[in-house]
>>> print(open('work_37.tsv').read())   # TSV, C-alpha atoms
chain	number	residue	atom	x	y	z
V	8	MET	CA	12.13	-2.07	-22.17
V	9	GLU	CA	8.69	-3.20	-23.27
V	10	ILE	CA	5.64	-2.35	-21.24
V	11	GLN	CA	3.42	-4.74	-21.78
V	12	SER	CA	-8.00	-29.37	-2.97
V	13	LYS	CA	-4.92	-28.31	-1.07
V	14	SER	CA	-2.22	-30.32	0.62
V	15	ASN	CA	-0.14	-29.07	3.51
V	16	THR	CA	1.94	-26.02	2.79
V	17	ILE	CA	5.30	-26.57	1.14
V	18	ARG	CA	6.88	-24.45	3.87
V	19	SER	CA	6.77	-27.53	6.08
V	20	PHE	CA	8.23	-29.91	3.49
V	21	PRO	CA	11.89	-30.98	3.62
V	22	VAL	CA	13.76	-30.17	0.41
V	23	SER	CA	14.47	-33.87	-0.02
V	24	ALA	CA	10.76	-34.42	-0.64
V	25	LEU	CA	11.05	-32.40	-3.83
V	26	VAL	CA	13.33	-34.75	-5.75
V	27	LEU	CA	11.16	-34.56	-8.84
V	28	ALA	CA	11.55	-30.81	-9.12
V	29	SER	CA	14.20	-29.15	-11.24
V	30	LEU	CA	17.35	-28.33	-9.28
V	31	PHE	CA	19.29	-25.20	-10.03
V	32	ILE	CA	22.87	-25.03	-8.71
V	33	LEU	CA	24.56	-21.67	-8.33
V	34	ALA	CA	27.64	-20.36	-10.04
V	35	ASN	CA	29.35	-17.61	-8.09
V	36	ASN	CA	33.05	-17.34	-7.51
V	37	SER	CA	32.96	-15.24	-4.35
V	38	SER	CA	30.29	-16.62	-2.02
V	39	ALA	CA	28.66	-19.78	-0.72
V	40	GLN	CA	26.54	-21.60	-3.23
V	41	VAL	CA	22.84	-22.03	-2.49
V	42	ALA	CA	20.43	-24.32	-4.31
V	43	LEU	CA	17.12	-23.17	-5.75
V	44	THR	CA	14.48	-25.73	-6.68
V	45	SER	CA	11.77	-24.93	-9.20
V	46	ILE	CA	8.51	-26.23	-7.74
V	47	GLY	CA	5.55	-24.32	-9.22
V	48	HIS	CA	4.37	-22.36	-12.23
V	49	ILE	CA	1.61	-19.83	-12.82
V	50	SER	CA	0.84	-19.37	-16.49
V	51	ALA	CA	0.47	-15.86	-17.89
V	52	GLY	CA	-2.50	-17.14	-19.88
V	53	ALA	CA	-4.06	-14.40	-21.97
V	54	GLY	CA	-1.85	-11.70	-20.47
V	55	GLU	CA	1.76	-10.86	-19.74
V	56	SER	CA	2.93	-11.09	-16.14
V	57	HIS	CA	4.75	-7.93	-15.02
V	58	SER	CA	4.75	-7.97	-11.23
V	59	ILE	CA	3.67	-9.91	-8.15
V	60	ALA	CA	2.88	-9.22	-4.49
V	61	VAL	CA	2.72	-12.04	-1.95
V	62	SER	CA	0.74	-11.84	1.27
V	63	GLY	CA	0.08	-14.86	3.44
V	64	ASN	CA	-1.15	-17.73	1.31
V	65	TYR	CA	-1.99	-15.58	-1.69
V	66	ALA	CA	-0.10	-14.23	-4.66
V	67	TYR	CA	-1.43	-11.20	-6.51
V	68	VAL	CA	-0.26	-10.94	-10.11
V	69	ALA	CA	-0.31	-7.84	-12.30
V	70	ASN	CA	-0.99	-9.63	-15.56
V	71	GLY	CA	-0.95	-6.89	-18.16
V	72	SER	CA	-4.02	-6.54	-20.35
V	73	ASP	CA	-5.49	-9.58	-18.56
V	74	GLY	CA	-5.81	-7.52	-15.37
V	75	LEU	CA	-5.34	-8.70	-11.78
V	76	LYS	CA	-5.15	-12.42	-10.99
V	77	ILE	CA	-5.12	-13.91	-7.50
V	78	TYR	CA	-3.68	-17.33	-6.63
V	79	ASP	CA	-3.88	-19.51	-3.54
V	80	ILE	CA	-0.26	-20.62	-2.98
V	81	SER	CA	-0.79	-22.54	0.27
V	82	ASN	CA	0.55	-25.42	-1.82
V	83	PRO	CA	3.01	-23.62	-4.10
V	84	ILE	CA	3.61	-26.77	-6.11
V	85	MET	CA	0.04	-26.38	-7.39
V	86	PRO	CA	-1.01	-22.71	-7.21
V	87	VAL	CA	-4.74	-22.29	-7.76
V	88	ASN	CA	-6.32	-19.30	-9.49
V	89	VAL	CA	-9.07	-18.17	-7.12
V	90	GLY	CA	-9.80	-14.62	-8.28
V	91	HIS	CA	-9.60	-12.41	-11.35
V	92	THR	CA	-10.71	-8.94	-12.32
V	93	ASN	CA	-10.04	-6.69	-15.27
V	94	ASN	CA	-11.01	-3.04	-15.39
V	95	GLY	CA	-9.09	-2.22	-18.54
V	96	GLY	CA	-5.66	-0.65	-18.76
V	97	CYS	CA	-2.57	-2.81	-18.32
V	98	ALA	CA	-1.76	-4.15	-14.84
V	99	PHE	CA	1.95	-3.45	-14.36
V	100	GLY	CA	2.72	-2.93	-10.67
V	101	VAL	CA	0.99	-4.22	-7.54
V	102	ALA	CA	1.18	-3.75	-3.77
V	103	VAL	CA	-0.92	-5.30	-0.99
V	104	VAL	CA	-1.38	-4.15	2.60
V	105	GLY	CA	-3.88	-6.10	4.67
V	106	ASN	CA	-7.12	-6.34	2.69
V	107	GLU	CA	-6.25	-3.45	0.39
V	108	LEU	CA	-4.58	-3.87	-2.98
V	109	TYR	CA	-3.14	-1.09	-5.13
V	110	LEU	CA	-2.64	-1.58	-8.85
V	111	ALA	CA	-0.43	0.52	-11.11
V	112	ASN	CA	-2.42	0.14	-14.32
V	113	LEU	CA	-0.30	2.01	-16.90
V	114	ASP	CA	-2.35	4.62	-18.79
V	115	ASP	CA	-5.43	3.74	-16.73
V	116	GLY	CA	-3.74	5.13	-13.59
V	117	LEU	CA	-4.14	3.82	-10.04
V	118	ARG	CA	-6.85	1.38	-8.95
V	119	THR	CA	-7.66	0.24	-5.42
V	120	TYR	CA	-9.23	-3.12	-4.61
V	121	ASP	CA	-10.75	-4.76	-1.55
V	122	VAL	CA	-9.29	-8.28	-1.46
V	123	SER	CA	-10.73	-9.36	1.89
V	124	ASN	CA	-12.32	-12.14	-0.17
V	125	PRO	CA	-9.55	-13.09	-2.63
V	126	ALA	CA	-12.10	-14.93	-4.78
V	127	ARG	CA	-14.00	-11.68	-5.31
V	128	PRO	CA	-11.68	-8.68	-5.60
V	129	VAL	CA	-13.76	-5.49	-5.56
V	130	ASN	CA	-12.61	-2.36	-7.35
V	131	GLN	CA	-13.15	0.42	-4.81
V	132	GLY	CA	-11.44	3.47	-6.27
V	133	HIS	CA	-9.77	4.81	-9.38
V	134	VAL	CA	-7.74	7.91	-10.19
V	135	ASN	CA	-5.83	8.96	-13.29
V	136	ASN	CA	-3.60	12.02	-13.43
V	137	GLY	CA	-2.04	11.20	-16.77
V	138	GLY	CA	1.33	9.58	-17.22
V	139	MET	CA	1.87	5.83	-17.11
V	140	ALA	CA	1.49	4.11	-13.74
V	141	LEU	CA	4.50	1.78	-13.60
V	142	GLY	CA	5.35	1.19	-9.96
V	143	VAL	CA	3.52	1.46	-6.65
V	144	ALA	CA	4.49	1.51	-2.99
V	145	VAL	CA	2.42	1.99	0.17
V	146	SER	CA	3.29	3.59	3.49
V	147	GLY	CA	0.60	4.20	6.08
V	148	SER	CA	-2.36	5.96	4.47
V	149	TYR	CA	-0.40	6.99	1.40
V	150	VAL	CA	0.28	5.41	-1.96
V	151	TYR	CA	3.34	6.42	-3.95
V	152	LEU	CA	3.05	5.99	-7.71
V	153	ALA	CA	5.99	5.95	-10.12
V	154	ASN	CA	4.23	7.60	-13.03
V	155	ASP	CA	6.72	7.57	-15.90
V	156	ASN	CA	7.43	10.99	-17.44
V	157	ASP	CA	4.92	12.53	-15.04
V	158	GLY	CA	7.20	11.75	-12.08
V	159	LEU	CA	6.17	10.74	-8.56
V	160	ARG	CA	2.52	11.02	-7.50
V	161	ILE	CA	1.36	10.68	-3.89
V	162	TYR	CA	-2.22	9.71	-2.99
V	163	ASP	CA	-4.12	9.78	0.27
V	164	VAL	CA	-5.90	6.42	0.44
V	165	SER	CA	-7.34	6.72	3.95
V	166	ASN	CA	-10.59	6.31	2.05
V	167	PRO	CA	-9.71	3.63	-0.54
V	168	SER	CA	-12.90	4.41	-2.46
V	169	ASN	CA	-11.63	7.90	-3.11
V	170	PRO	CA	-7.84	7.98	-3.63
V	171	THR	CA	-6.88	11.65	-3.61
V	172	ASN	CA	-3.79	13.08	-5.28
V	173	ILE	CA	-2.19	15.32	-2.66
V	174	GLY	CA	1.41	15.57	-3.86
V	175	CYS	CA	3.48	15.46	-7.03
V	176	ALA	CA	7.20	15.57	-7.72
V	177	SER	CA	7.23	16.33	-11.41
V	178	ASN	CA	9.82	15.09	-13.89
V	179	THR	CA	9.33	18.26	-15.93
V	180	ASN	CA	12.75	19.61	-15.01
V	181	PHE	CA	14.52	16.28	-15.31
V	182	TYR	CA	15.17	15.86	-19.01
V	183	ARG	CA	15.98	12.16	-18.77
V	184	GLY	CA	13.56	11.36	-15.97
V	185	VAL	CA	11.25	8.35	-16.25
V	186	ALA	CA	9.83	7.34	-12.85
V	187	TYR	CA	9.86	3.57	-13.21
V	188	ALA	CA	9.79	2.29	-9.62
V	189	VAL	CA	9.47	3.73	-6.12
V	190	ALA	CA	10.32	2.54	-2.61
V	191	VAL	CA	9.42	4.23	0.66
V	192	SER	CA	10.96	3.99	4.11
V	193	GLY	CA	10.09	6.36	6.91
V	194	SER	CA	10.18	9.92	5.62
V	195	LEU	CA	12.12	9.07	2.45
V	196	ALA	CA	10.98	7.93	-0.98
V	197	CYS	CA	13.51	6.73	-3.53
V	198	VAL	CA	12.65	6.73	-7.23
V	199	ALA	CA	14.35	4.77	-10.00
V	200	ASN	CA	14.16	7.53	-12.60
V	201	GLY	CA	15.45	6.08	-15.85
V	202	HIS	CA	18.55	7.71	-17.36
V	203	ASP	CA	18.18	10.42	-14.73
V	204	GLY	CA	19.30	7.90	-12.10
V	205	LEU	CA	18.24	7.88	-8.46
V	206	ARG	CA	16.11	10.63	-6.92
V	207	VAL	CA	15.62	10.84	-3.16
V	208	TYR	CA	12.59	12.71	-1.80
V	209	ASP	CA	11.71	13.91	1.65
V	210	VAL	CA	8.06	12.89	2.06
V	211	SER	CA	7.65	13.82	5.71
V	212	ASN	CA	4.91	16.05	4.31
V	213	PRO	CA	3.34	13.89	1.59
V	214	ALA	CA	1.56	16.92	0.17
V	215	ASN	CA	4.92	18.53	-0.55
V	216	PRO	CA	7.56	15.97	-1.61
V	217	VAL	CA	10.98	17.64	-1.76
V	218	ASN	CA	13.82	16.34	-3.92
V	219	VAL	CA	16.72	16.33	-1.46
V	220	GLY	CA	19.17	13.96	-3.14
V	221	TYR	CA	20.32	12.92	-6.61
V	222	SER	CA	22.75	10.29	-7.80
V	223	GLY	CA	23.75	12.07	-11.00
V	224	ASP	CA	23.01	11.38	-14.66
V	225	PHE	CA	23.39	7.71	-15.63
V	226	SER	CA	22.99	8.17	-19.37
V	227	TYR	CA	26.74	8.33	-19.93
V	228	SER	CA	27.08	4.68	-18.87
V	229	GLY	CA	24.02	3.47	-20.77
V	230	ALA	CA	22.32	2.66	-17.46
V	231	PHE	CA	18.58	3.06	-17.02
V	232	ALA	CA	17.28	2.92	-13.45
V	233	VAL	CA	14.27	0.60	-13.41
V	234	GLY	CA	14.28	-1.04	-9.98
V	235	ILE	CA	14.58	0.27	-6.43
V	236	ALA	CA	14.49	-1.26	-2.95
V	237	MET	CA	15.36	0.20	0.42
V	238	SER	CA	16.68	-1.36	3.61
V	239	GLY	CA	18.01	0.60	6.55
V	240	ASN	CA	20.33	3.35	5.35
V	241	TYR	CA	20.77	1.85	1.91
V	242	ALA	CA	19.01	2.00	-1.43
V	243	TYR	CA	19.45	-0.76	-4.00
V	244	LEU	CA	19.07	0.42	-7.57
V	245	GLY	CA	18.59	-1.87	-10.58
V	246	ASP	CA	20.43	-0.11	-13.38
V	247	SER	CA	19.59	-2.17	-16.41
V	248	ALA	CA	22.77	-2.86	-18.40
V	249	ASP	CA	24.91	-1.32	-15.64
V	250	GLY	CA	24.07	-3.99	-13.07
V	251	PHE	CA	22.92	-2.81	-9.67
V	252	ARG	CA	24.25	-0.12	-7.39
V	253	VAL	CA	24.13	0.25	-3.65
V	254	PHE	CA	23.71	3.79	-2.29
V	255	ASP	CA	24.30	4.96	1.24
V	256	ILE	CA	21.41	7.34	1.93
V	257	SER	CA	22.13	8.01	5.60
V	258	ASN	CA	22.63	11.58	4.38
V	259	PRO	CA	19.70	11.87	1.94
V	260	ALA	CA	21.11	15.07	0.48
V	261	ASN	CA	24.18	13.18	-0.67
V	262	PRO	CA	23.33	9.63	-1.77
V	263	THR	CA	26.70	7.94	-2.15
V	264	SER	CA	27.34	5.00	-4.44
V	265	VAL	CA	29.25	2.49	-2.30
V	266	THR	CA	29.10	-0.55	-4.57
V	267	ASN	CA	28.43	-1.16	-8.25
V	268	LEU	CA	27.99	-4.90	-8.70
V	269	PHE	CA	27.63	-6.48	-12.10
V	270	ASN	CA	27.86	-10.24	-12.24
V	271	SER	CA	24.96	-11.00	-14.46
V	272	PRO	CA	24.39	-13.83	-16.93
V	273	GLY	CA	21.52	-11.84	-18.43
V	274	SER	CA	21.48	-8.66	-20.45
V	275	CYS	CA	20.23	-6.29	-17.75
V	276	ILE	CA	19.00	-5.94	-14.21
V	277	GLU	CA	15.28	-5.36	-13.92
V	278	ARG	CA	13.03	-4.53	-10.96
V	279	THR	CA	14.10	-5.67	-7.51
V	280	SER	CA	12.86	-6.21	-3.95
V	281	VAL	CA	14.27	-6.87	-0.48
V	282	SER	CA	13.14	-9.57	1.94
V	283	GLY	CA	15.09	-9.88	5.16
V	284	HIS	CA	18.76	-9.48	4.28
V	285	TYR	CA	18.36	-10.78	0.75
V	286	LEU	CA	17.91	-8.82	-2.45
V	287	TYR	CA	15.87	-10.51	-5.18
V	288	PHE	CA	16.03	-9.28	-8.73
V	289	ALA	CA	15.12	-10.28	-12.24
V	290	ASP	CA	17.92	-10.48	-14.78
V	291	PHE	CA	15.82	-10.18	-17.94
V	292	ASN	CA	17.01	-13.11	-20.10
V	293	GLY	CA	19.22	-14.38	-17.26
V	294	GLY	CA	16.52	-15.40	-14.80
V	295	LEU	CA	16.51	-15.02	-11.02
V	296	ARG	CA	19.39	-13.60	-8.96
V	297	ILE	CA	19.54	-13.44	-5.17
V	298	CYS	CA	22.10	-11.39	-3.31
V	299	ASP	CA	23.05	-11.43	0.38
V	300	ILE	CA	23.06	-7.81	1.56
V	301	SER	CA	23.65	-8.44	5.26
V	302	THR	CA	26.85	-6.45	4.70
V	303	PRO	CA	25.66	-3.73	2.32
V	304	LEU	CA	29.19	-2.63	1.41
V	305	LEU	CA	30.00	-6.18	0.33
V	306	PRO	CA	26.88	-7.62	-1.32
V	307	ALA	CA	27.38	-11.19	-2.50
V	308	PHE	CA	25.49	-13.17	-5.12
V	309	VAL	CA	24.33	-16.39	-3.45
V	310	ALA	CA	21.75	-17.83	-5.83
V	311	ASN	CA	20.96	-17.93	-9.53
V	312	ALA	CA	18.26	-19.79	-11.43
V	313	SER	CA	18.55	-19.59	-15.19
V	314	ASN	CA	15.31	-19.20	-17.10
V	315	ALA	CA	16.79	-20.75	-20.25
V	316	VAL	CA	15.05	-24.03	-19.44
V	317	PHE	CA	11.69	-22.28	-19.59
V	318	GLY	CA	11.97	-21.28	-23.24
V	319	PRO	CA	14.15	-19.14	-25.52
V	320	ASN	CA	12.02	-16.02	-25.17
V	321	THR	CA	11.55	-16.08	-21.40
V	322	LEU	CA	12.20	-12.55	-20.12
V	323	SER	CA	12.29	-11.86	-16.40
V	324	GLU	CA	10.84	-8.56	-15.16
V	325	PHE	CA	10.49	-8.78	-11.37
V	326	ALA	CA	11.44	-11.02	-8.44
V	327	THR	CA	10.55	-11.23	-4.79
V	328	GLY	CA	10.84	-13.56	-1.82
V	329	SER	CA	8.53	-14.70	0.97
V	330	GLY	CA	9.83	-17.05	3.64
V	331	ASN	CA	11.68	-19.87	1.92
V	332	LEU	CA	9.99	-19.19	-1.42
V	333	ALA	CA	11.18	-17.03	-4.29
V	334	PHE	CA	8.97	-15.77	-7.13
V	335	LEU	CA	10.21	-14.86	-10.59
V	336	VAL	CA	7.97	-12.90	-12.97
V	337	ASN	CA	8.65	-13.99	-16.54
V	338	ARG	CA	6.30	-11.96	-18.75
V	339	THR	CA	4.75	-14.37	-21.30
V	340	ASP	CA	5.97	-17.41	-19.32
V	341	GLY	CA	4.14	-16.27	-16.19
V	342	ILE	CA	5.40	-16.83	-12.63
V	343	ARG	CA	8.00	-19.39	-11.59
V	344	ILE	CA	8.08	-20.42	-7.91
V	345	PHE	CA	11.25	-21.68	-6.25
V	346	ILE	CA	12.02	-23.11	-2.85
V	347	THR	CA	15.28	-21.80	-1.47
V	348	ALA	CA	17.86	-23.16	0.95
V	349	LEU	CA	18.89	-19.67	2.03
V	350	PRO	CA	19.92	-19.32	5.68
V	351	PRO	CA	17.55	-17.14	7.74
>>> encode(input="work_37.tsv", output="structure tokens")
Amino acid sequence: MEIQSKSNTIRSFPVSALVLASLFILANNSSAQVALTSIGHISAGAGESHSIAVSGNYAYVANGSDGLKIYDISNPIMPVNVGHTNNGGCAFGVAVVGNELYLANLDDGLRTYDVSNPARPVNQGHVNNGGMALGVAVSGSYVYLANDNDGLRIYDVSNPSNPTNIGCASNTNFYRGVAYAVAVSGSLACVANGHDGLRVYDVSNPANPVNVGYSGDFSYSGAFAVGIAMSGNYAYLGDSADGFRVFDISNPANPTSVTNLFNSPGSCIERTSVSGHYLYFADFNGGLRICDISTPLLPAFVANASNAVFGPNTLSEFATGSGNLAFLVNRTDGIRIFITALPP
């Protein structure tokens, strides 16, 4: 894993109006086939795209050494770069809540930005407690940072200009632990912790995160937990070469693997996200995969868009969905935007 003038919105367009776009037809032997249509592209330019957050008509891209880039996607066929800032480091993970943006900036740590004017993102705060800031999640007034070998860091951002580290769940005692991604729901935080697997923390007191659950060591299978998403009583873990696993976390002290699904044209499952009852994930050199998780015990692949047509070295790192759009983060290729025909 390497770490490195607008028309009407497309959301109102019928798919038939996009006949000039590239059509991707699914191949899955166990579920209904859904079409994805490639409609837009955001170039990585001078950087390498690692992650994206979508809020309203804007897409916020963590673009590696190129910093943070902001795009107006009200017409996703022609996304327009409206804002850009670079405070050093390497923008790797990004989260947006309202007018506040949180950037996991690798060895530069955590940065907070005011994006009330997307054309002029303003760096408000910065904190660095060592480690490598890889993934970021927000819940209420707290930011949860997956900080590589350093583990999980929790920051009070009630004052975004002064993010304050109030809690830490160290990886010191977890020999194979590499906190790569974090998801938060209610009083629980789940961390994709590399070869160490899944760690579940009680964060009801953010100043004292308590490790209450553990999946067990994944190193024996060659898996490396890099992606995590949560929905209801389930956690969805991207396990690199092992595919992805679904854990029942209704009893956080005993996270139970209920499904291990590997049906991947690519070499490994990367970082993942949930939107509605769909799971979106990047399949490294396999492109975009979408899974219906409305029945968590029987997840079903429903969509696949190969990235082979975008170049031989196109490597997918992250995927997410918003409405009837899907976004695939392709490192040096940038961001690919698809319209989906997924049922609501």
>>> residues_around(input="work_37.tsv", residues="stretch 177-182 of chain V", least_positions_apart="6", cutoff="9 Å", atoms="all atoms listed in the file", output="PyMOL selection string")
chain V and resi 155-160+200+202-203
>>> write_last_selection(input="work_37.tsv", atoms="C-alpha atoms", output="mmCIF file, in the frame of the given file")
data_model
loop_
_atom_site.group_PDB
_atom_site.id
_atom_site.type_symbol
_atom_site.label_atom_id
_atom_site.label_comp_id
_atom_site.auth_asym_id
_atom_site.auth_seq_id
_atom_site.Cartn_x
_atom_site.Cartn_y
_atom_site.Cartn_z
ATOM 1 C CA ASP V 155 6.720 7.570 -15.900
ATOM 2 C CA ASN V 156 7.430 10.990 -17.440
ATOM 3 C CA ASP V 157 4.920 12.530 -15.040
ATOM 4 C CA GLY V 158 7.200 11.750 -12.080
ATOM 5 C CA LEU V 159 6.170 10.740 -8.560
ATOM 6 C CA ARG V 160 2.520 11.020 -7.500
ATOM 7 C CA ASN V 200 14.160 7.530 -12.600
ATOM 8 C CA HIS V 202 18.550 7.710 -17.360
ATOM 9 C CA ASP V 203 18.180 10.420 -14.730
#
>>> closest_residue(input="work_37.tsv", among="V:Ala230, V:Ala236, V:Leu332, V:Val217", to="V:Gly142", atoms="only C-alpha atoms")
V:Ala236
>>> atom_distance(input="work_37.tsv", atom1="atom CA of V:Tyr149", atom2="atom CA of V:Asp121")
15.9 Å
>>> closest_residue(input="work_37.tsv", among="V:Val253, V:Val122, V:Cys197, V:Cys298", to="V:Tyr285", atoms="only C-alpha atoms")
V:Cys298
>>> closest_residue(input="work_37.tsv", among="V:Cys175, V:Ala102, V:Ala186, V:Leu205", to="V:Met139", atoms="all atoms listed in the file")
V:Ala186
>>> closest_residue(input="work_37.tsv", among="V:Asn106, V:Gly47, V:Gly52, V:Asn258", to="V:Asn82", atoms="all atoms listed in the file")
V:Gly47
>>> decode(input="work_37.tsv", residues="stretch 167-181 of chain V", atoms="N, CA, C and O atoms", output="PDB file, in the first residue's frame")
ATOM      1  N   PRO V 167     -12.940  25.018  16.283  1.00  0.00           N
ATOM      2  CA  PRO V 167     -12.147  24.491  15.170  1.00  0.00           C
ATOM      3  C   PRO V 167     -10.770  25.139  15.027  1.00  0.00           C
ATOM      4  O   PRO V 167      -9.870  24.556  14.417  1.00  0.00           O
ATOM      5  N   SER V 168     -10.614  26.346  15.582  1.00  0.00           N
ATOM      6  CA  SER V 168      -9.318  27.016  15.502  1.00  0.00           C
ATOM      7  C   SER V 168      -8.303  26.419  16.470  1.00  0.00           C
ATOM      8  O   SER V 168      -7.107  26.686  16.367  1.00  0.00           O
ATOM      9  N   ASN V 169      -8.810  25.612  17.383  1.00  0.00           N
ATOM     10  CA  ASN V 169      -7.920  25.032  18.386  1.00  0.00           C
ATOM     11  C   ASN V 169      -8.301  23.578  18.663  1.00  0.00           C
ATOM     12  O   ASN V 169      -8.781  23.242  19.751  1.00  0.00           O
ATOM     13  N   PRO V 170      -8.089  22.686  17.675  1.00  0.00           N
ATOM     14  CA  PRO V 170      -8.403  21.270  17.914  1.00  0.00           C
ATOM     15  C   PRO V 170      -7.529  20.738  19.045  1.00  0.00           C
ATOM     16  O   PRO V 170      -6.308  20.902  19.036  1.00  0.00           O
ATOM     17  N   THR V 171      -8.177  20.113  20.030  1.00  0.00           N
ATOM     18  CA  THR V 171      -7.466  19.693  21.237  1.00  0.00           C
ATOM     19  C   THR V 171      -7.509  18.182  21.396  1.00  0.00           C
ATOM     20  O   THR V 171      -8.598  17.592  21.443  1.00  0.00           O
ATOM     21  N   ASN V 172      -6.349  17.561  21.462  1.00  0.00           N
ATOM     22  CA  ASN V 172      -6.281  16.116  21.665  1.00  0.00           C
ATOM     23  C   ASN V 172      -6.728  15.782  23.090  1.00  0.00           C
ATOM     24  O   ASN V 172      -6.106  16.184  24.062  1.00  0.00           O
ATOM     25  N   ILE V 173      -7.834  15.065  23.209  1.00  0.00           N
ATOM     26  CA  ILE V 173      -8.339  14.722  24.539  1.00  0.00           C
ATOM     27  C   ILE V 173      -8.269  13.222  24.822  1.00  0.00           C
ATOM     28  O   ILE V 173      -8.347  12.802  25.982  1.00  0.00           O
ATOM     29  N   GLY V 174      -8.125  12.406  23.780  1.00  0.00           N
ATOM     30  CA  GLY V 174      -8.104  10.966  23.993  1.00  0.00           C
ATOM     31  C   GLY V 174      -7.202  10.259  23.012  1.00  0.00           C
ATOM     32  O   GLY V 174      -6.992  10.727  21.886  1.00  0.00           O
ATOM     33  N   CYS V 175      -6.657   9.126  23.434  1.00  0.00           N
ATOM     34  CA  CYS V 175      -5.793   8.328  22.553  1.00  0.00           C
ATOM     35  C   CYS V 175      -5.938   6.854  22.906  1.00  0.00           C
ATOM     36  O   CYS V 175      -5.909   6.477  24.074  1.00  0.00           O
ATOM     37  N   ALA V 176      -6.132   6.037  21.890  1.00  0.00           N
ATOM     38  CA  ALA V 176      -6.093   4.588  22.048  1.00  0.00           C
ATOM     39  C   ALA V 176      -4.862   4.114  21.298  1.00  0.00           C
ATOM     40  O   ALA V 176      -4.873   3.973  20.072  1.00  0.00           O
ATOM     41  N   SER V 177      -3.800   3.915  22.022  1.00  0.00           N
ATOM     42  CA  SER V 177      -2.496   3.654  21.421  1.00  0.00           C
ATOM     43  C   SER V 177      -2.416   2.267  20.792  1.00  0.00           C
ATOM     44  O   SER V 177      -3.055   1.319  21.244  1.00  0.00           O
ATOM     45  N   ASN V 178      -1.614   2.170  19.740  1.00  0.00           N
ATOM     46  CA  ASN V 178      -1.321   0.870  19.126  1.00  0.00           C
ATOM     47  C   ASN V 178      -0.083   0.229  19.743  1.00  0.00           C
ATOM     48  O   ASN V 178       0.377  -0.798  19.254  1.00  0.00           O
ATOM     49  N   THR V 179       0.445   0.823  20.792  1.00  0.00           N
ATOM     50  CA  THR V 179       1.692   0.343  21.382  1.00  0.00           C
ATOM     51  C   THR V 179       1.648  -1.139  21.712  1.00  0.00           C
ATOM     52  O   THR V 179       2.616  -1.882  21.479  1.00  0.00           O
ATOM     53  N   ASN V 180       0.519  -1.591  22.225  1.00  0.00           N
ATOM     54  CA  ASN V 180       0.418  -2.989  22.645  1.00  0.00           C
ATOM     55  C   ASN V 180      -0.092  -3.918  21.550  1.00  0.00           C
ATOM     56  O   ASN V 180      -0.263  -5.116  21.782  1.00  0.00           O
ATOM     57  N   PHE V 181      -0.361  -3.343  20.379  1.00  0.00           N
ATOM     58  CA  PHE V 181      -0.853  -4.156  19.279  1.00  0.00           C
ATOM     59  C   PHE V 181       0.251  -4.261  18.233  1.00  0.00           C
ATOM     60  O   PHE V 181       0.406  -3.377  17.380  1.00  0.00           O
TER      61      PHE V 181
END
